[in-house]
Structure formats: C-alpha cells, structure tokens
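Here's the structure we're looking at; comments come further down.
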Amino acid sequence: MNCIFCGIADGSVKSQLVYEDEQVVAFKDLNPQAPTHLLIIPRKHIARLSEADEKDAALLGHILLVARKLAQDLNLKDFRLITNNGRGAGQSVDHLHFHLMAGRRFLWPAG
C-alpha cells in the first residue's frame, strides 16, 4: 500500500504534527483553507468513512474527542469538522481524515 497518510501515521513521512497518540495523529494541512486547518487521521488505514464498521466505533468516537481537545487547546470557540467520502465529495487521499478548520466565516455549502 502506498498511502501518504499511513506514512505520516507511522512517521516515515514528515509532517507538522500537532497531536499524536496510539490511535490517531493530527497535523497541519499543507494547503490550508482557513487560518487554522488541521487534519486528524486514524493510524489504522480506513479508506473512507463508508468503509468503517461497528468495530471502528470506539476509534471514530476517539477522533471526535481529539478534535474537541485540539479545539480547546487552540482556544477555538467556533470551528468546522469535516470528512469527505469519495472523490465526488472532494476526498483527495484515500485514507479517512477529518478537517478541523477555524478562523474565518464558513458558508454552506463550503465556500
């Protein structure tokens, strides 16, 4: 498997890590769309949310709690947490990831 996010998760690809534990890593997005733009990824390779199953429930919950912790640590009152599922939804890396974004006004749809 040649997954850039797996490389970041195992440390073989350098990134600007802001958080890591045994289940997830978080790092600065290389192409930020907001003043604060982090990516939170599981160390376990899951291509997209639709490929997660019941055995991933604790991991998925942990990702949300990490997002909350990062927002608190960064003193973010308002933030957006997004995951895209598949190319048609804007997913560009086939490894489940969540965008934690803040620092500007967001419109819906995203813009």
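Naming scheme: A, B, ... for chains in displayed order of the structure tokens; residues 1 onward per chain; ligands 1 onward as shown.
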Next on the checklist: Show me, as a PyMOL selection string, the residues that have an atom within 7 Å of Arg43 of chain A when counting only C-alpha atoms, minus same-chain residues fewer than 6 positions from it.
Outcome noted: chain A and resi 6+9+23-25
Item to check | DSSP helix (DSSP H, G or I) residues within chain A, as a PyMOL selection string | outcome: chain A and resi 4-10+49-51+54-73+87-89
Checklist entry - as JSON, numbers by chain, which residues of chain A does DSSP assign to strand (DSSP E or B)? => result {"A": [17, 18, 19, 20, 24, 25, 26, 27, 28, 36, 37, 38, 39, 40, 41, 42, 80, 81, 82, 98, 99, 100, 101, 102]}
Item to check | Leu76 of chain A environment, 9 Å, only C-alpha atoms, sequence neighbours closer than 4 positions dropped, as a PyMOL selection string | outcome: chain A and resi 70-72+102-103
Checklist entry - What lies within 8 Å of segment 28-35 of chain A using only C-alpha atoms, ignoring chain neighbours under 6 positions off, as a PyMOL selection string? => result chain A and resi 15-18+101-104
Skip Leu81 of chain A itself and residues of its chain fewer than 6 positions away, then list as an mmCIF file with N, CA and C atoms, in the first residue's frame all residues within 8 Å of it, counting only C-alpha atoms.
data_model
loop_
_atom_site.group_PDB
_atom_site.id
_atom_site.type_symbol
_atom_site.label_atom_id
_atom_site.label_comp_id
_atom_site.auth_asym_id
_atom_site.auth_seq_id
_atom_site.Cartn_x
_atom_site.Cartn_y
_atom_site.Cartn_z
ATOM 1 N N ALA A 67 -10.630 15.898 18.260
ATOM 2 C CA ALA A 67 -10.987 17.177 17.624
ATOM 3 C C ALA A 67 -11.417 18.184 18.680
ATOM 4 N N PHE A 98 -10.261 13.810 8.891
ATOM 5 C CA PHE A 98 -11.187 14.865 9.287
ATOM 6 C C PHE A 98 -10.448 16.190 9.248
ATOM 7 N N HIS A 99 -11.071 17.188 8.649
ATOM 8 C CA HIS A 99 -10.525 18.539 8.598
ATOM 9 C C HIS A 99 -11.077 19.317 9.784
ATOM 10 N N LEU A 100 -10.212 19.847 10.621
ATOM 11 C CA LEU A 100 -10.599 20.746 11.699
ATOM 12 C C LEU A 100 -10.190 22.145 11.242
ATOM 13 N N MET A 101 -11.197 22.984 11.009
ATOM 14 C CA MET A 101 -10.948 24.300 10.422
ATOM 15 C C MET A 101 -11.591 25.386 11.275
#
Checklist outcome for this item: Using only C-alpha atoms, the shortest atom-to-atom distance to Glu20 of chain A among A:His37, A:Gly61, A:Lys69, A:Glu54 belongs to A:Lys69
Next on the checklist: I'd like the contact shell of Gly7 of chain A - 12 Å cut-off, only C-alpha atoms, skipping same-chain residues fewer than 3 positions apart - returned as a list in words.
Outcome noted: Met1, Asn2, Cys3, Ile4, Asp10, Gly11, Ser12, Val13, Lys14, Ser15, Val25, Ile41, Pro42, Arg43, Lys44, His45 and His95 of chain A
Go ahead and write the selection's residues with all heavy atoms as a tab-separated table (two decimals), in the first residue's frame.
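Ended up saving to again.tsv:
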chain	number	residue	atom	x	y	z
A	1	MET	N	0.85	-1.17	0.00
A	1	MET	CA	0.00	0.00	0.00
A	1	MET	C	0.90	1.23	0.00
A	1	MET	O	1.86	1.31	0.74
A	1	MET	CB	-0.90	-0.03	1.24
A	1	MET	CG	-1.78	1.17	1.36
A	1	MET	SD	-2.84	1.23	2.82
A	1	MET	CE	-3.01	-0.44	3.33
A	2	ASN	N	0.57	2.21	-0.82
A	2	ASN	CA	1.36	3.43	-0.93
A	2	ASN	C	0.47	4.60	-0.53
A	2	ASN	O	0.04	5.38	-1.35
A	2	ASN	CB	1.88	3.59	-2.36
A	2	ASN	CG	2.91	4.68	-2.46
A	2	ASN	OD1	3.43	5.15	-1.46
A	2	ASN	ND2	3.19	5.10	-3.68
A	3	CYS	N	0.22	4.73	0.77
A	3	CYS	CA	-0.68	5.75	1.30
A	3	CYS	C	0.12	6.81	2.04
A	3	CYS	O	0.80	6.49	3.03
A	3	CYS	CB	-1.72	5.10	2.22
A	3	CYS	SG	-2.77	6.27	3.10
A	4	ILE	N	0.04	8.05	1.57
A	4	ILE	CA	0.79	9.14	2.19
A	4	ILE	C	0.40	9.32	3.66
A	4	ILE	O	1.25	9.59	4.51
A	4	ILE	CB	0.62	10.45	1.39
A	4	ILE	CG1	1.53	11.55	1.92
A	4	ILE	CG2	-0.82	10.93	1.40
A	4	ILE	CD1	2.94	11.43	1.49
A	10	ASP	N	2.89	6.54	10.53
A	10	ASP	CA	3.99	5.71	11.07
A	10	ASP	C	5.31	6.47	11.18
A	10	ASP	O	6.32	5.92	11.60
A	10	ASP	CB	4.16	4.42	10.25
A	10	ASP	CG	4.74	4.62	8.85
A	10	ASP	OD1	5.34	5.67	8.56
A	10	ASP	OD2	4.60	3.69	8.03
A	11	GLY	N	5.31	7.74	10.81
A	11	GLY	CA	6.50	8.58	10.97
A	11	GLY	C	7.48	8.54	9.83
A	11	GLY	O	8.50	9.23	9.87
A	12	SER	N	7.21	7.75	8.78
A	12	SER	CA	8.14	7.68	7.67
A	12	SER	C	8.01	8.86	6.71
A	12	SER	O	8.91	9.12	5.91
A	12	SER	CB	7.98	6.36	6.92
A	12	SER	OG	6.69	6.26	6.33
A	13	VAL	N	6.90	9.60	6.79
A	13	VAL	CA	6.70	10.81	6.01
A	13	VAL	C	6.59	11.96	7.01
A	13	VAL	O	5.80	11.91	7.95
A	13	VAL	CB	5.42	10.73	5.14
A	13	VAL	CG1	5.14	12.06	4.46
A	13	VAL	CG2	5.54	9.62	4.11
A	14	LYS	N	7.40	12.98	6.81
A	14	LYS	CA	7.43	14.12	7.73
A	14	LYS	C	6.19	15.00	7.52
A	14	LYS	O	5.72	15.17	6.41
A	14	LYS	CB	8.68	14.96	7.52
A	14	LYS	CG	9.96	14.20	7.80
A	14	LYS	CD	10.03	13.77	9.25
A	14	LYS	CE	11.28	12.97	9.53
A	14	LYS	NZ	11.12	12.02	10.58
A	15	SER	N	5.71	15.53	8.64
A	15	SER	CA	4.60	16.47	8.61
A	15	SER	C	4.72	17.36	9.83
A	15	SER	O	5.56	17.12	10.70
A	15	SER	CB	3.26	15.73	8.61
A	15	SER	OG	3.08	15.07	9.84
A	25	VAL	N	-3.25	10.60	14.67
A	25	VAL	CA	-2.32	11.72	14.59
A	25	VAL	C	-3.07	12.90	13.99
A	25	VAL	O	-4.03	12.73	13.24
A	25	VAL	CB	-1.05	11.40	13.75
A	25	VAL	CG1	-0.24	10.29	14.38
A	25	VAL	CG2	-1.39	11.07	12.34
A	41	ILE	N	-6.24	12.02	11.53
A	41	ILE	CA	-6.34	10.73	10.84
A	41	ILE	C	-6.15	9.58	11.83
A	41	ILE	O	-5.40	9.70	12.78
A	41	ILE	CB	-5.31	10.60	9.70
A	41	ILE	CG1	-3.87	10.57	10.24
A	41	ILE	CG2	-5.48	11.72	8.68
A	41	ILE	CD1	-2.82	10.18	9.22
A	42	PRO	N	-6.84	8.47	11.58
A	42	PRO	CA	-6.54	7.28	12.38
A	42	PRO	C	-5.23	6.66	11.90
A	42	PRO	O	-4.89	6.74	10.72
A	42	PRO	CB	-7.73	6.35	12.09
A	42	PRO	CG	-8.18	6.75	10.72
A	42	PRO	CD	-7.91	8.23	10.61
A	43	ARG	N	-4.50	6.04	12.80
A	43	ARG	CA	-3.30	5.30	12.39
A	43	ARG	C	-3.71	4.08	11.55
A	43	ARG	O	-2.99	3.70	10.63
A	43	ARG	CB	-2.49	4.86	13.60
A	43	ARG	CG	-1.82	6.03	14.32
A	43	ARG	CD	-0.93	5.53	15.46
A	43	ARG	NE	-0.39	6.63	16.21
A	43	ARG	CZ	0.75	7.26	15.94
A	43	ARG	NH1	1.46	6.90	14.88
A	43	ARG	NH2	1.18	8.24	16.70
A	44	LYS	N	-4.85	3.51	11.89
A	44	LYS	CA	-5.38	2.37	11.12
A	44	LYS	C	-5.83	2.87	9.75
A	44	LYS	O	-6.53	3.88	9.65
A	44	LYS	CB	-6.56	1.77	11.88
A	44	LYS	CG	-7.27	0.67	11.13
A	44	LYS	CD	-8.49	0.18	11.90
A	44	LYS	CE	-9.23	-0.89	11.12
A	44	LYS	NZ	-10.44	-1.34	11.83
A	45	HIS	N	-5.46	2.15	8.71
A	45	HIS	CA	-5.89	2.55	7.37
A	45	HIS	C	-7.36	2.15	7.16
A	45	HIS	O	-7.70	0.97	7.16
A	45	HIS	CB	-5.04	1.92	6.28
A	45	HIS	CG	-5.43	2.38	4.92
A	45	HIS	ND1	-4.95	3.54	4.37
A	45	HIS	CD2	-6.31	1.86	4.02
A	45	HIS	CE1	-5.51	3.71	3.18
A	45	HIS	NE2	-6.34	2.71	2.94
A	95	HIS	N	-7.62	7.78	2.60
A	95	HIS	CA	-7.38	7.41	4.00
A	95	HIS	C	-8.31	8.33	4.78
A	95	HIS	O	-8.26	9.55	4.61
A	95	HIS	CB	-5.92	7.67	4.38
A	95	HIS	CG	-5.55	7.18	5.75
A	95	HIS	ND1	-4.60	6.20	5.95
A	95	HIS	CD2	-5.98	7.53	6.98
A	95	HIS	CE1	-4.45	5.98	7.25
A	95	HIS	NE2	-5.30	6.79	7.90
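Separating atom CA of Leu60 of chain A from atom CA of Arg48 of chain A is a distance of 11.7 Å.
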Item to check | Pick from A:Leu65, A:Leu74, A:Ile46, A:Leu107, whichever lies nearest to Asp94 of chain A using only C-alpha atoms | outcome: A:Ile46
Checklist entry - Distance atom CA of Val66 of chain A-atom CA of Phe79 of chain A, one decimal place? => result 13.5 Å
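Excluding Gly86 of chain A and any residue on its chain fewer than 6 positions from it, the residues at most 12 Å away by only C-alpha atoms are Ala47, Arg48, Leu49, Ser50, Glu51, Ser92, Val93, Asp94, His95, Leu96 and His97 of chain A.
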Residue subset to file, keeping N, CA, C and O atoms, as a PDB file, in the first residue's frame:
ATOM      1  N   ALA A  47     -10.062   3.516   4.263  1.00  0.00           N
ATOM      2  CA  ALA A  47     -10.036   4.368   3.068  1.00  0.00           C
ATOM      3  C   ALA A  47     -11.011   5.538   3.155  1.00  0.00           C
ATOM      4  O   ALA A  47     -10.684   6.653   2.746  1.00  0.00           O
ATOM      5  N   ARG A  48     -12.210   5.286   3.672  1.00  0.00           N
ATOM      6  CA  ARG A  48     -13.222   6.344   3.770  1.00  0.00           C
ATOM      7  C   ARG A  48     -14.235   5.946   4.826  1.00  0.00           C
ATOM      8  O   ARG A  48     -14.281   4.777   5.233  1.00  0.00           O
ATOM      9  N   LEU A  49     -15.027   6.888   5.256  1.00  0.00           N
ATOM     10  CA  LEU A  49     -15.979   6.630   6.328  1.00  0.00           C
ATOM     11  C   LEU A  49     -16.920   5.478   5.986  1.00  0.00           C
ATOM     12  O   LEU A  49     -17.242   4.662   6.850  1.00  0.00           O
ATOM     13  N   SER A  50     -17.331   5.372   4.738  1.00  0.00           N
ATOM     14  CA  SER A  50     -18.259   4.308   4.356  1.00  0.00           C
ATOM     15  C   SER A  50     -17.640   2.916   4.472  1.00  0.00           C
ATOM     16  O   SER A  50     -18.363   1.925   4.426  1.00  0.00           O
ATOM     17  N   GLU A  51     -16.334   2.825   4.654  1.00  0.00           N
ATOM     18  CA  GLU A  51     -15.677   1.532   4.841  1.00  0.00           C
ATOM     19  C   GLU A  51     -15.436   1.200   6.309  1.00  0.00           C
ATOM     20  O   GLU A  51     -14.961   0.114   6.623  1.00  0.00           O
ATOM     21  N   SER A  92      -9.500  13.612  -1.502  1.00  0.00           N
ATOM     22  CA  SER A  92      -8.351  13.526  -2.409  1.00  0.00           C
ATOM     23  C   SER A  92      -7.312  12.496  -1.964  1.00  0.00           C
ATOM     24  O   SER A  92      -6.452  12.128  -2.755  1.00  0.00           O
ATOM     25  N   VAL A  93      -7.379  12.042  -0.717  1.00  0.00           N
ATOM     26  CA  VAL A  93      -6.482  10.996  -0.219  1.00  0.00           C
ATOM     27  C   VAL A  93      -7.355   9.859   0.310  1.00  0.00           C
ATOM     28  O   VAL A  93      -8.247  10.086   1.126  1.00  0.00           O
ATOM     29  N   ASP A  94      -7.099   8.653  -0.167  1.00  0.00           N
ATOM     30  CA  ASP A  94      -7.909   7.500   0.226  1.00  0.00           C
ATOM     31  C   ASP A  94      -7.470   6.943   1.582  1.00  0.00           C
ATOM     32  O   ASP A  94      -6.985   5.811   1.702  1.00  0.00           O
ATOM     33  N   HIS A  95      -7.617   7.776   2.599  1.00  0.00           N
ATOM     34  CA  HIS A  95      -7.384   7.407   3.999  1.00  0.00           C
ATOM     35  C   HIS A  95      -8.313   8.331   4.779  1.00  0.00           C
ATOM     36  O   HIS A  95      -8.263   9.554   4.607  1.00  0.00           O
ATOM     37  N   LEU A  96      -9.171   7.752   5.585  1.00  0.00           N
ATOM     38  CA  LEU A  96     -10.123   8.543   6.360  1.00  0.00           C
ATOM     39  C   LEU A  96      -9.413   9.687   7.069  1.00  0.00           C
ATOM     40  O   LEU A  96      -8.391   9.485   7.718  1.00  0.00           O
ATOM     41  N   HIS A  97      -9.936  10.887   6.909  1.00  0.00           N
ATOM     42  CA  HIS A  97      -9.371  12.047   7.591  1.00  0.00           C
ATOM     43  C   HIS A  97     -10.459  13.077   7.828  1.00  0.00           C
ATOM     44  O   HIS A  97     -11.438  13.161   7.098  1.00  0.00           O
TER      45      HIS A  97
END
Checklist entry - Counting only C-alpha atoms, which of A:Phe27, A:Arg68, A:Asn85, A:Thr36 gets nearest to Ala52 of chain A? => result A:Asn85
